[in-house]
Amino acid sequence: MPPPRPPPRLPIAYHPAVAPFRIERRSPLPAGETWRRLTDWPRHGAHVPLSGVTVRPAGPTGVGTVVVVRTGVGRAGFDDPMEVVRWDPPTEGTPGNCRLEKRGAVVLGWAEIEVRPRGGGSEVVWREEARLRGLPRLFDPATAWSGRLLFGRVVDALLKG
């Protein structure tokens with residue numbers, strides 16, 4: 001009789017020790033244009049200090065697309081790969097939802113972007129849970145605060161153009 005299998009491990013994306021944050025914005029842009037700007041992954045790198053973004057495979061985003069944020073200078077840095085596991089662009093009457101799960105060795109967690117029509121414009125809700133591997137939970141409030149500040153600025157910049 002074979003030995004019993006260990007219980008399945010949860011993916012890193014569902015690690016219980018993460019620092020959650022939420023960003024909400026309204027935009028005069030229609031939901032489709034807001035979505036396009038927020039999911040133009042290479043443009044994110046222009047607004048995150050010391051970072052660049054690559055997308056694999058190149059082309060339109062969909063489930064299975066991997067967005068890699070490289071943070072650092074030269075060889076001193078790390079990759080933060082995120083896989084798109086949900087991709088539902090907004091339509092005339094339904095909100096758009098995108099979920100990325102962080103698959104790297106340094107950053108744990110996930111991010112969700114929701115864009116819904118609102119009046120003549122749109123509303124954005126960006127939810128994220130992020131944690132740096134090895135950083136004690138004592139730092140979770142600071143991680144959430146800095147994530148909210150950084151990604152709030154990224155969302156604002158992407159929506160401006």
# chains A, B, ... in the order shown; residues from 1 in each chain; ligands from 1
>>> select_by_dssp(residues="chain A", states="strand (DSSP E)", output="number ranges by chain")
A: 19-27, 51-56, 66-73, 76-88, 96-102, 107-118, 121-132
>>> residues_around(residues="Pro81 (chain A)", least_positions_apart="6", cutoff="12 Å", atoms="only C-alpha atoms", output="ChimeraX atom specification")
/A:13,52-56,64-71,100-111
>>> select_by_dssp(residues="region 23-144 of chain A", states="helix (DSSP H, G or I)", output="PyMOL selection string")
chain A and resi 31-38+41-45+137-144
>>> residues_around(residues="Val154 (chain A)", least_positions_apart="2", cutoff="12 Å", atoms="only C-alpha atoms", output="count of residues only")
27
>>> closest_residue(among="A:Val73, A:Asp79, A:Ala31, A:Pro20", to="Pro117 (chain A)", atoms="only C-alpha atoms")
A:Ala31
>>> residues_around(residues="region 89-96 of chain A", least_positions_apart="3", cutoff="10 Å", atoms="only C-alpha atoms", output="mmCIF file with all heavy atoms, in the first residue's frame")
data_model
loop_
_atom_site.group_PDB
_atom_site.id
_atom_site.type_symbol
_atom_site.label_atom_id
_atom_site.label_comp_id
_atom_site.auth_asym_id
_atom_site.auth_seq_id
_atom_site.Cartn_x
_atom_site.Cartn_y
_atom_site.Cartn_z
ATOM 1 N N PRO A 30 -14.997 56.387 -20.510
ATOM 2 C CA PRO A 30 -15.879 55.218 -20.579
ATOM 3 C C PRO A 30 -15.164 53.976 -20.037
ATOM 4 O O PRO A 30 -13.930 53.901 -20.033
ATOM 5 C CB PRO A 30 -16.176 55.060 -22.070
ATOM 6 C CG PRO A 30 -15.573 56.220 -22.764
ATOM 7 C CD PRO A 30 -14.688 56.948 -21.801
ATOM 8 N N ALA A 31 -15.928 52.998 -19.587
ATOM 9 C CA ALA A 31 -15.354 51.801 -18.968
ATOM 10 C C ALA A 31 -14.354 51.102 -19.879
ATOM 11 O O ALA A 31 -13.302 50.647 -19.420
ATOM 12 C CB ALA A 31 -16.467 50.835 -18.556
ATOM 13 N N GLY A 32 -14.641 51.018 -21.169
ATOM 14 C CA GLY A 32 -13.719 50.343 -22.092
ATOM 15 C C GLY A 32 -12.363 51.021 -22.164
ATOM 16 O O GLY A 32 -11.325 50.358 -22.181
ATOM 17 N N GLU A 33 -12.340 52.350 -22.199
ATOM 18 C CA GLU A 33 -11.070 53.080 -22.248
ATOM 19 C C GLU A 33 -10.343 52.998 -20.913
ATOM 20 O O GLU A 33 -9.120 52.852 -20.871
ATOM 21 C CB GLU A 33 -11.303 54.541 -22.641
ATOM 22 C CG GLU A 33 -10.051 55.389 -22.657
ATOM 23 C CD GLU A 33 -8.979 54.948 -23.661
ATOM 24 O OE1 GLU A 33 -9.259 54.108 -24.550
ATOM 25 O OE2 GLU A 33 -7.843 55.438 -23.557
ATOM 26 N N THR A 34 -11.074 53.070 -19.810
ATOM 27 C CA THR A 34 -10.456 52.910 -18.483
ATOM 28 C C THR A 34 -9.787 51.546 -18.393
ATOM 29 O O THR A 34 -8.642 51.423 -17.948
ATOM 30 C CB THR A 34 -11.513 53.094 -17.380
ATOM 31 O OG1 THR A 34 -11.995 54.440 -17.434
ATOM 32 C CG2 THR A 34 -10.947 52.806 -16.000
ATOM 33 N N TRP A 35 -10.492 50.505 -18.823
ATOM 34 C CA TRP A 35 -9.963 49.138 -18.815
ATOM 35 C C TRP A 35 -8.685 49.047 -19.650
ATOM 36 O O TRP A 35 -7.684 48.498 -19.224
ATOM 37 C CB TRP A 35 -11.030 48.195 -19.353
ATOM 38 C CG TRP A 35 -10.615 46.768 -19.473
ATOM 39 C CD1 TRP A 35 -10.094 46.157 -20.585
ATOM 40 C CD2 TRP A 35 -10.678 45.770 -18.465
ATOM 41 N NE1 TRP A 35 -9.849 44.829 -20.314
ATOM 42 C CE2 TRP A 35 -10.197 44.569 -19.029
ATOM 43 C CE3 TRP A 35 -11.107 45.765 -17.149
ATOM 44 C CZ2 TRP A 35 -10.133 43.380 -18.312
ATOM 45 C CZ3 TRP A 35 -11.043 44.587 -16.438
ATOM 46 C CH2 TRP A 35 -10.564 43.415 -17.011
ATOM 47 N N ARG A 36 -8.744 49.609 -20.863
ATOM 48 C CA ARG A 36 -7.592 49.556 -21.763
ATOM 49 C C ARG A 36 -6.372 50.197 -21.108
ATOM 50 O O ARG A 36 -5.278 49.642 -21.144
ATOM 51 C CB ARG A 36 -7.915 50.257 -23.084
ATOM 52 C CG ARG A 36 -6.802 50.110 -24.128
ATOM 53 C CD ARG A 36 -6.994 51.036 -25.313
ATOM 54 N NE ARG A 36 -6.856 52.437 -24.979
ATOM 55 C CZ ARG A 36 -5.690 53.055 -24.739
ATOM 56 N NH1 ARG A 36 -4.564 52.377 -24.761
ATOM 57 N NH2 ARG A 36 -5.663 54.339 -24.459
ATOM 58 N N THR A 39 -5.010 48.077 -18.064
ATOM 59 C CA THR A 39 -4.438 46.777 -18.407
ATOM 60 C C THR A 39 -3.390 46.884 -19.517
ATOM 61 O O THR A 39 -3.022 45.875 -20.118
ATOM 62 C CB THR A 39 -5.546 45.771 -18.803
ATOM 63 O OG1 THR A 39 -6.253 46.259 -19.947
ATOM 64 C CG2 THR A 39 -6.505 45.542 -17.632
ATOM 65 N N GLY A 62 -4.922 37.709 -21.964
ATOM 66 C CA GLY A 62 -5.997 36.762 -21.707
ATOM 67 C C GLY A 62 -5.579 35.859 -20.564
ATOM 68 O O GLY A 62 -4.480 36.002 -20.012
ATOM 69 N N ARG A 86 -7.990 35.494 -14.462
ATOM 70 C CA ARG A 86 -9.356 35.893 -14.836
ATOM 71 C C ARG A 86 -9.235 37.092 -15.755
ATOM 72 O O ARG A 86 -8.504 38.045 -15.455
ATOM 73 C CB ARG A 86 -10.184 36.243 -13.615
ATOM 74 C CG ARG A 86 -11.612 36.613 -13.978
ATOM 75 C CD ARG A 86 -12.477 36.780 -12.764
ATOM 76 N NE ARG A 86 -13.840 37.035 -13.193
ATOM 77 C CZ ARG A 86 -14.796 37.365 -12.362
ATOM 78 N NH1 ARG A 86 -14.552 37.462 -11.077
ATOM 79 N NH2 ARG A 86 -15.999 37.602 -12.817
ATOM 80 N N ILE A 113 -8.533 43.872 -10.560
ATOM 81 C CA ILE A 113 -8.938 45.155 -11.110
ATOM 82 C C ILE A 113 -10.378 45.002 -11.585
ATOM 83 O O ILE A 113 -10.684 44.094 -12.359
ATOM 84 C CB ILE A 113 -8.044 45.574 -12.293
ATOM 85 C CG1 ILE A 113 -6.585 45.652 -11.859
ATOM 86 C CG2 ILE A 113 -8.520 46.903 -12.878
ATOM 87 C CD1 ILE A 113 -5.610 45.757 -13.019
ATOM 88 N N GLU A 114 -11.238 45.874 -11.103
ATOM 89 C CA GLU A 114 -12.635 45.879 -11.537
ATOM 90 C C GLU A 114 -12.940 47.253 -12.119
ATOM 91 O O GLU A 114 -12.606 48.277 -11.512
ATOM 92 C CB GLU A 114 -13.558 45.600 -10.360
ATOM 93 C CG GLU A 114 -15.024 45.587 -10.735
ATOM 94 C CD GLU A 114 -15.914 45.306 -9.549
ATOM 95 O OE1 GLU A 114 -15.551 44.457 -8.707
ATOM 96 O OE2 GLU A 114 -16.980 45.940 -9.460
ATOM 97 N N VAL A 115 -13.544 47.273 -13.298
ATOM 98 C CA VAL A 115 -13.943 48.515 -13.954
ATOM 99 C C VAL A 115 -15.414 48.378 -14.307
ATOM 100 O O VAL A 115 -15.814 47.435 -14.979
ATOM 101 C CB VAL A 115 -13.114 48.777 -15.234
ATOM 102 C CG1 VAL A 115 -13.616 50.022 -15.947
ATOM 103 C CG2 VAL A 115 -11.640 48.901 -14.908
ATOM 104 N N ARG A 116 -16.204 49.334 -13.819
ATOM 105 C CA ARG A 116 -17.638 49.294 -14.116
ATOM 106 C C ARG A 116 -18.097 50.640 -14.651
ATOM 107 O O ARG A 116 -17.582 51.673 -14.243
ATOM 108 C CB ARG A 116 -18.445 48.867 -12.906
ATOM 109 C CG ARG A 116 -18.395 49.765 -11.737
ATOM 110 C CD ARG A 116 -19.267 49.290 -10.549
ATOM 111 N NE ARG A 116 -18.896 47.989 -10.067
ATOM 112 C CZ ARG A 116 -19.697 46.907 -10.102
ATOM 113 N NH1 ARG A 116 -20.915 46.995 -10.573
ATOM 114 N NH2 ARG A 116 -19.282 45.757 -9.649
ATOM 115 N N PRO A 117 -19.055 50.597 -15.590
ATOM 116 C CA PRO A 117 -19.633 51.848 -16.071
ATOM 117 C C PRO A 117 -20.283 52.604 -14.914
ATOM 118 O O PRO A 117 -20.889 51.999 -14.026
ATOM 119 C CB PRO A 117 -20.684 51.403 -17.087
ATOM 120 C CG PRO A 117 -20.354 49.984 -17.418
ATOM 121 C CD PRO A 117 -19.668 49.428 -16.222
ATOM 122 N N ARG A 118 -20.146 53.928 -14.913
ATOM 123 C CA ARG A 118 -20.762 54.740 -13.855
ATOM 124 C C ARG A 118 -21.147 56.075 -14.471
ATOM 125 O O ARG A 118 -20.267 56.869 -14.804
ATOM 126 C CB ARG A 118 -19.788 54.926 -12.710
ATOM 127 C CG ARG A 118 -20.256 55.832 -11.628
ATOM 128 C CD ARG A 118 -21.390 55.227 -10.811
ATOM 129 N NE ARG A 118 -21.061 55.260 -9.422
ATOM 130 C CZ ARG A 118 -21.474 54.363 -8.554
ATOM 131 N NH1 ARG A 118 -22.209 53.371 -8.940
ATOM 132 N NH2 ARG A 118 -21.151 54.465 -7.308
ATOM 133 N N SER A 122 -16.687 55.935 -15.570
ATOM 134 C CA SER A 122 -16.460 54.603 -15.016
ATOM 135 C C SER A 122 -15.945 54.696 -13.588
ATOM 136 O O SER A 122 -15.519 55.758 -13.130
ATOM 137 C CB SER A 122 -15.466 53.825 -15.882
ATOM 138 O OG SER A 122 -14.269 54.555 -16.031
ATOM 139 N N GLU A 123 -15.979 53.570 -12.921
ATOM 140 C CA GLU A 123 -15.486 53.436 -11.556
ATOM 141 C C GLU A 123 -14.496 52.283 -11.520
ATOM 142 O O GLU A 123 -14.724 51.245 -12.128
ATOM 143 C CB GLU A 123 -16.669 53.153 -10.628
ATOM 144 C CG GLU A 123 -16.300 53.013 -9.175
ATOM 145 C CD GLU A 123 -17.530 52.792 -8.332
ATOM 146 O OE1 GLU A 123 -18.184 51.735 -8.512
ATOM 147 O OE2 GLU A 123 -17.848 53.664 -7.510
ATOM 148 N N VAL A 124 -13.390 52.497 -10.809
ATOM 149 C CA VAL A 124 -12.336 51.492 -10.691
ATOM 150 C C VAL A 124 -12.230 51.052 -9.240
ATOM 151 O O VAL A 124 -12.219 51.886 -8.325
ATOM 152 C CB VAL A 124 -10.967 52.080 -11.121
ATOM 153 C CG1 VAL A 124 -9.843 51.088 -10.861
ATOM 154 C CG2 VAL A 124 -10.998 52.538 -12.560
#
>>> closest_residue(among="A:Asp80, A:Arg153, A:Gly74, A:Ser27", to="Arg131 (chain A)", atoms="only C-alpha atoms")
A:Asp80
>>> closest_residue(among="A:Val85, A:Asn97, A:Gly120, A:Glu112", to="Phe21 (chain A)", atoms="only C-alpha atoms")
A:Glu112
>>> atom_distance(atom1="CA of Glu83 (chain A)", atom2="CA of Arg137 (chain A)")
24.7 Å
>>> atom_distance(atom1="CA of Cys98 (chain A)", atom2="CA of Leu135 (chain A)")
27.1 Å
>>> closest_residue(among="A:Arg26, A:Ala58, A:Ala76, A:Glu129", to="Ala144 (chain A)", atoms="only C-alpha atoms")
A:Glu129
>>> atom_distance(atom1="CA of Arg22 (chain A)", atom2="CA of Val125 (chain A)")
7.0 Å
>>> closest_residue(among="A:Ser146, A:Arg75, A:Leu50, A:Pro57", to="Glu128 (chain A)", atoms="only C-alpha atoms")
A:Ser146
>>> decode(residues="region 25-111 of chain A", atoms="C-alpha atoms", output="PDB file, in the first residue's frame")
ATOM      1  CA  ARG A  25     -11.301  55.871  -8.319  1.00  0.00           C
ATOM      2  CA  ARG A  26     -13.891  57.459 -10.586  1.00  0.00           C
ATOM      3  CA  SER A  27     -13.016  58.463 -14.114  1.00  0.00           C
ATOM      4  CA  PRO A  28     -14.799  60.501 -16.780  1.00  0.00           C
ATOM      5  CA  LEU A  29     -13.526  57.933 -19.297  1.00  0.00           C
ATOM      6  CA  PRO A  30     -15.879  55.218 -20.579  1.00  0.00           C
ATOM      7  CA  ALA A  31     -15.354  51.801 -18.968  1.00  0.00           C
ATOM      8  CA  GLY A  32     -13.719  50.343 -22.092  1.00  0.00           C
ATOM      9  CA  GLU A  33     -11.070  53.080 -22.248  1.00  0.00           C
ATOM     10  CA  THR A  34     -10.456  52.910 -18.483  1.00  0.00           C
ATOM     11  CA  TRP A  35      -9.963  49.138 -18.815  1.00  0.00           C
ATOM     12  CA  ARG A  36      -7.592  49.556 -21.763  1.00  0.00           C
ATOM     13  CA  ARG A  37      -5.432  52.030 -19.837  1.00  0.00           C
ATOM     14  CA  LEU A  38      -5.326  50.009 -16.618  1.00  0.00           C
ATOM     15  CA  THR A  39      -4.438  46.777 -18.407  1.00  0.00           C
ATOM     16  CA  ASP A  40      -1.753  48.288 -20.643  1.00  0.00           C
ATOM     17  CA  TRP A  41       0.857  46.416 -18.591  1.00  0.00           C
ATOM     18  CA  PRO A  42       4.045  47.928 -20.066  1.00  0.00           C
ATOM     19  CA  ARG A  43       2.776  51.421 -19.133  1.00  0.00           C
ATOM     20  CA  HIS A  44       2.716  50.380 -15.456  1.00  0.00           C
ATOM     21  CA  GLY A  45       6.522  50.233 -15.488  1.00  0.00           C
ATOM     22  CA  ALA A  46       6.723  53.915 -16.413  1.00  0.00           C
ATOM     23  CA  HIS A  47       4.999  54.794 -13.126  1.00  0.00           C
ATOM     24  CA  VAL A  48       6.692  52.382 -10.694  1.00  0.00           C
ATOM     25  CA  PRO A  49      10.177  53.517  -9.617  1.00  0.00           C
ATOM     26  CA  LEU A  50      13.085  51.320 -10.754  1.00  0.00           C
ATOM     27  CA  SER A  51      10.744  48.956 -12.599  1.00  0.00           C
ATOM     28  CA  GLY A  52      10.076  47.653 -16.070  1.00  0.00           C
ATOM     29  CA  VAL A  53       7.347  45.359 -17.326  1.00  0.00           C
ATOM     30  CA  THR A  54       7.377  42.563 -19.879  1.00  0.00           C
ATOM     31  CA  VAL A  55       4.438  40.460 -21.008  1.00  0.00           C
ATOM     32  CA  ARG A  56       4.521  36.812 -22.125  1.00  0.00           C
ATOM     33  CA  PRO A  57       3.352  35.949 -24.641  1.00  0.00           C
ATOM     34  CA  ALA A  58       3.295  39.240 -26.513  1.00  0.00           C
ATOM     35  CA  GLY A  59      -0.091  40.190 -27.872  1.00  0.00           C
ATOM     36  CA  PRO A  60      -3.536  40.573 -26.405  1.00  0.00           C
ATOM     37  CA  THR A  61      -3.922  39.766 -22.714  1.00  0.00           C
ATOM     38  CA  GLY A  62      -5.997  36.762 -21.707  1.00  0.00           C
ATOM     39  CA  VAL A  63      -6.086  33.984 -19.137  1.00  0.00           C
ATOM     40  CA  GLY A  64      -2.569  32.542 -18.962  1.00  0.00           C
ATOM     41  CA  THR A  65      -0.762  35.779 -19.859  1.00  0.00           C
ATOM     42  CA  VAL A  66       2.213  36.372 -17.544  1.00  0.00           C
ATOM     43  CA  VAL A  67       3.077  39.945 -16.597  1.00  0.00           C
ATOM     44  CA  VAL A  68       6.605  40.247 -15.178  1.00  0.00           C
ATOM     45  CA  VAL A  69       7.621  43.349 -13.241  1.00  0.00           C
ATOM     46  CA  ARG A  70      11.411  43.632 -12.910  1.00  0.00           C
ATOM     47  CA  THR A  71      12.342  45.870  -9.977  1.00  0.00           C
ATOM     48  CA  GLY A  72      15.918  46.917  -9.341  1.00  0.00           C
ATOM     49  CA  VAL A  73      19.007  48.335 -10.987  1.00  0.00           C
ATOM     50  CA  GLY A  74      21.101  46.132 -13.268  1.00  0.00           C
ATOM     51  CA  ARG A  75      21.570  42.697 -11.759  1.00  0.00           C
ATOM     52  CA  ALA A  76      20.487  43.886  -8.318  1.00  0.00           C
ATOM     53  CA  GLY A  77      16.764  43.276  -8.401  1.00  0.00           C
ATOM     54  CA  PHE A  78      14.018  40.714  -8.608  1.00  0.00           C
ATOM     55  CA  ASP A  79      11.186  39.628 -10.857  1.00  0.00           C
ATOM     56  CA  ASP A  80       7.550  39.726  -9.765  1.00  0.00           C
ATOM     57  CA  PRO A  81       5.744  37.416 -12.233  1.00  0.00           C
ATOM     58  CA  MET A  82       1.948  37.569 -12.170  1.00  0.00           C
ATOM     59  CA  GLU A  83      -0.324  35.253 -14.120  1.00  0.00           C
ATOM     60  CA  VAL A  84      -3.683  36.449 -15.417  1.00  0.00           C
ATOM     61  CA  VAL A  85      -6.194  33.913 -14.078  1.00  0.00           C
ATOM     62  CA  ARG A  86      -9.356  35.893 -14.836  1.00  0.00           C
ATOM     63  CA  TRP A  87      -9.904  38.142 -17.830  1.00  0.00           C
ATOM     64  CA  ASP A  88     -13.376  39.552 -18.415  1.00  0.00           C
ATOM     65  CA  PRO A  89     -13.255  42.991 -20.114  1.00  0.00           C
ATOM     66  CA  PRO A  90     -16.231  45.278 -19.464  1.00  0.00           C
ATOM     67  CA  THR A  91     -19.151  45.268 -21.861  1.00  0.00           C
ATOM     68  CA  GLU A  92     -22.010  47.707 -22.284  1.00  0.00           C
ATOM     69  CA  GLY A  93     -23.844  46.451 -19.209  1.00  0.00           C
ATOM     70  CA  THR A  94     -21.331  44.416 -17.201  1.00  0.00           C
ATOM     71  CA  PRO A  95     -18.215  45.322 -15.235  1.00  0.00           C
ATOM     72  CA  GLY A  96     -14.787  44.115 -16.266  1.00  0.00           C
ATOM     73  CA  ASN A  97     -12.704  41.949 -13.936  1.00  0.00           C
ATOM     74  CA  CYS A  98      -9.070  40.932 -14.094  1.00  0.00           C
ATOM     75  CA  ARG A  99      -7.252  38.843 -11.491  1.00  0.00           C
ATOM     76  CA  LEU A 100      -3.503  38.366 -11.400  1.00  0.00           C
ATOM     77  CA  GLU A 101      -1.852  35.857  -9.072  1.00  0.00           C
ATOM     78  CA  LYS A 102       1.712  36.545  -8.026  1.00  0.00           C
ATOM     79  CA  ARG A 103       3.947  33.584  -8.874  1.00  0.00           C
ATOM     80  CA  GLY A 104       7.347  34.876  -7.806  1.00  0.00           C
ATOM     81  CA  ALA A 105       9.867  33.988  -5.144  1.00  0.00           C
ATOM     82  CA  VAL A 106       9.807  37.446  -3.500  1.00  0.00           C
ATOM     83  CA  VAL A 107       6.300  38.903  -3.718  1.00  0.00           C
ATOM     84  CA  LEU A 108       3.283  36.845  -2.623  1.00  0.00           C
ATOM     85  CA  GLY A 109      -0.402  37.572  -3.152  1.00  0.00           C
ATOM     86  CA  TRP A 110      -2.783  38.675  -5.873  1.00  0.00           C
ATOM     87  CA  ALA A 111      -4.331  41.739  -7.500  1.00  0.00           C
TER      88      ALA A 111
END
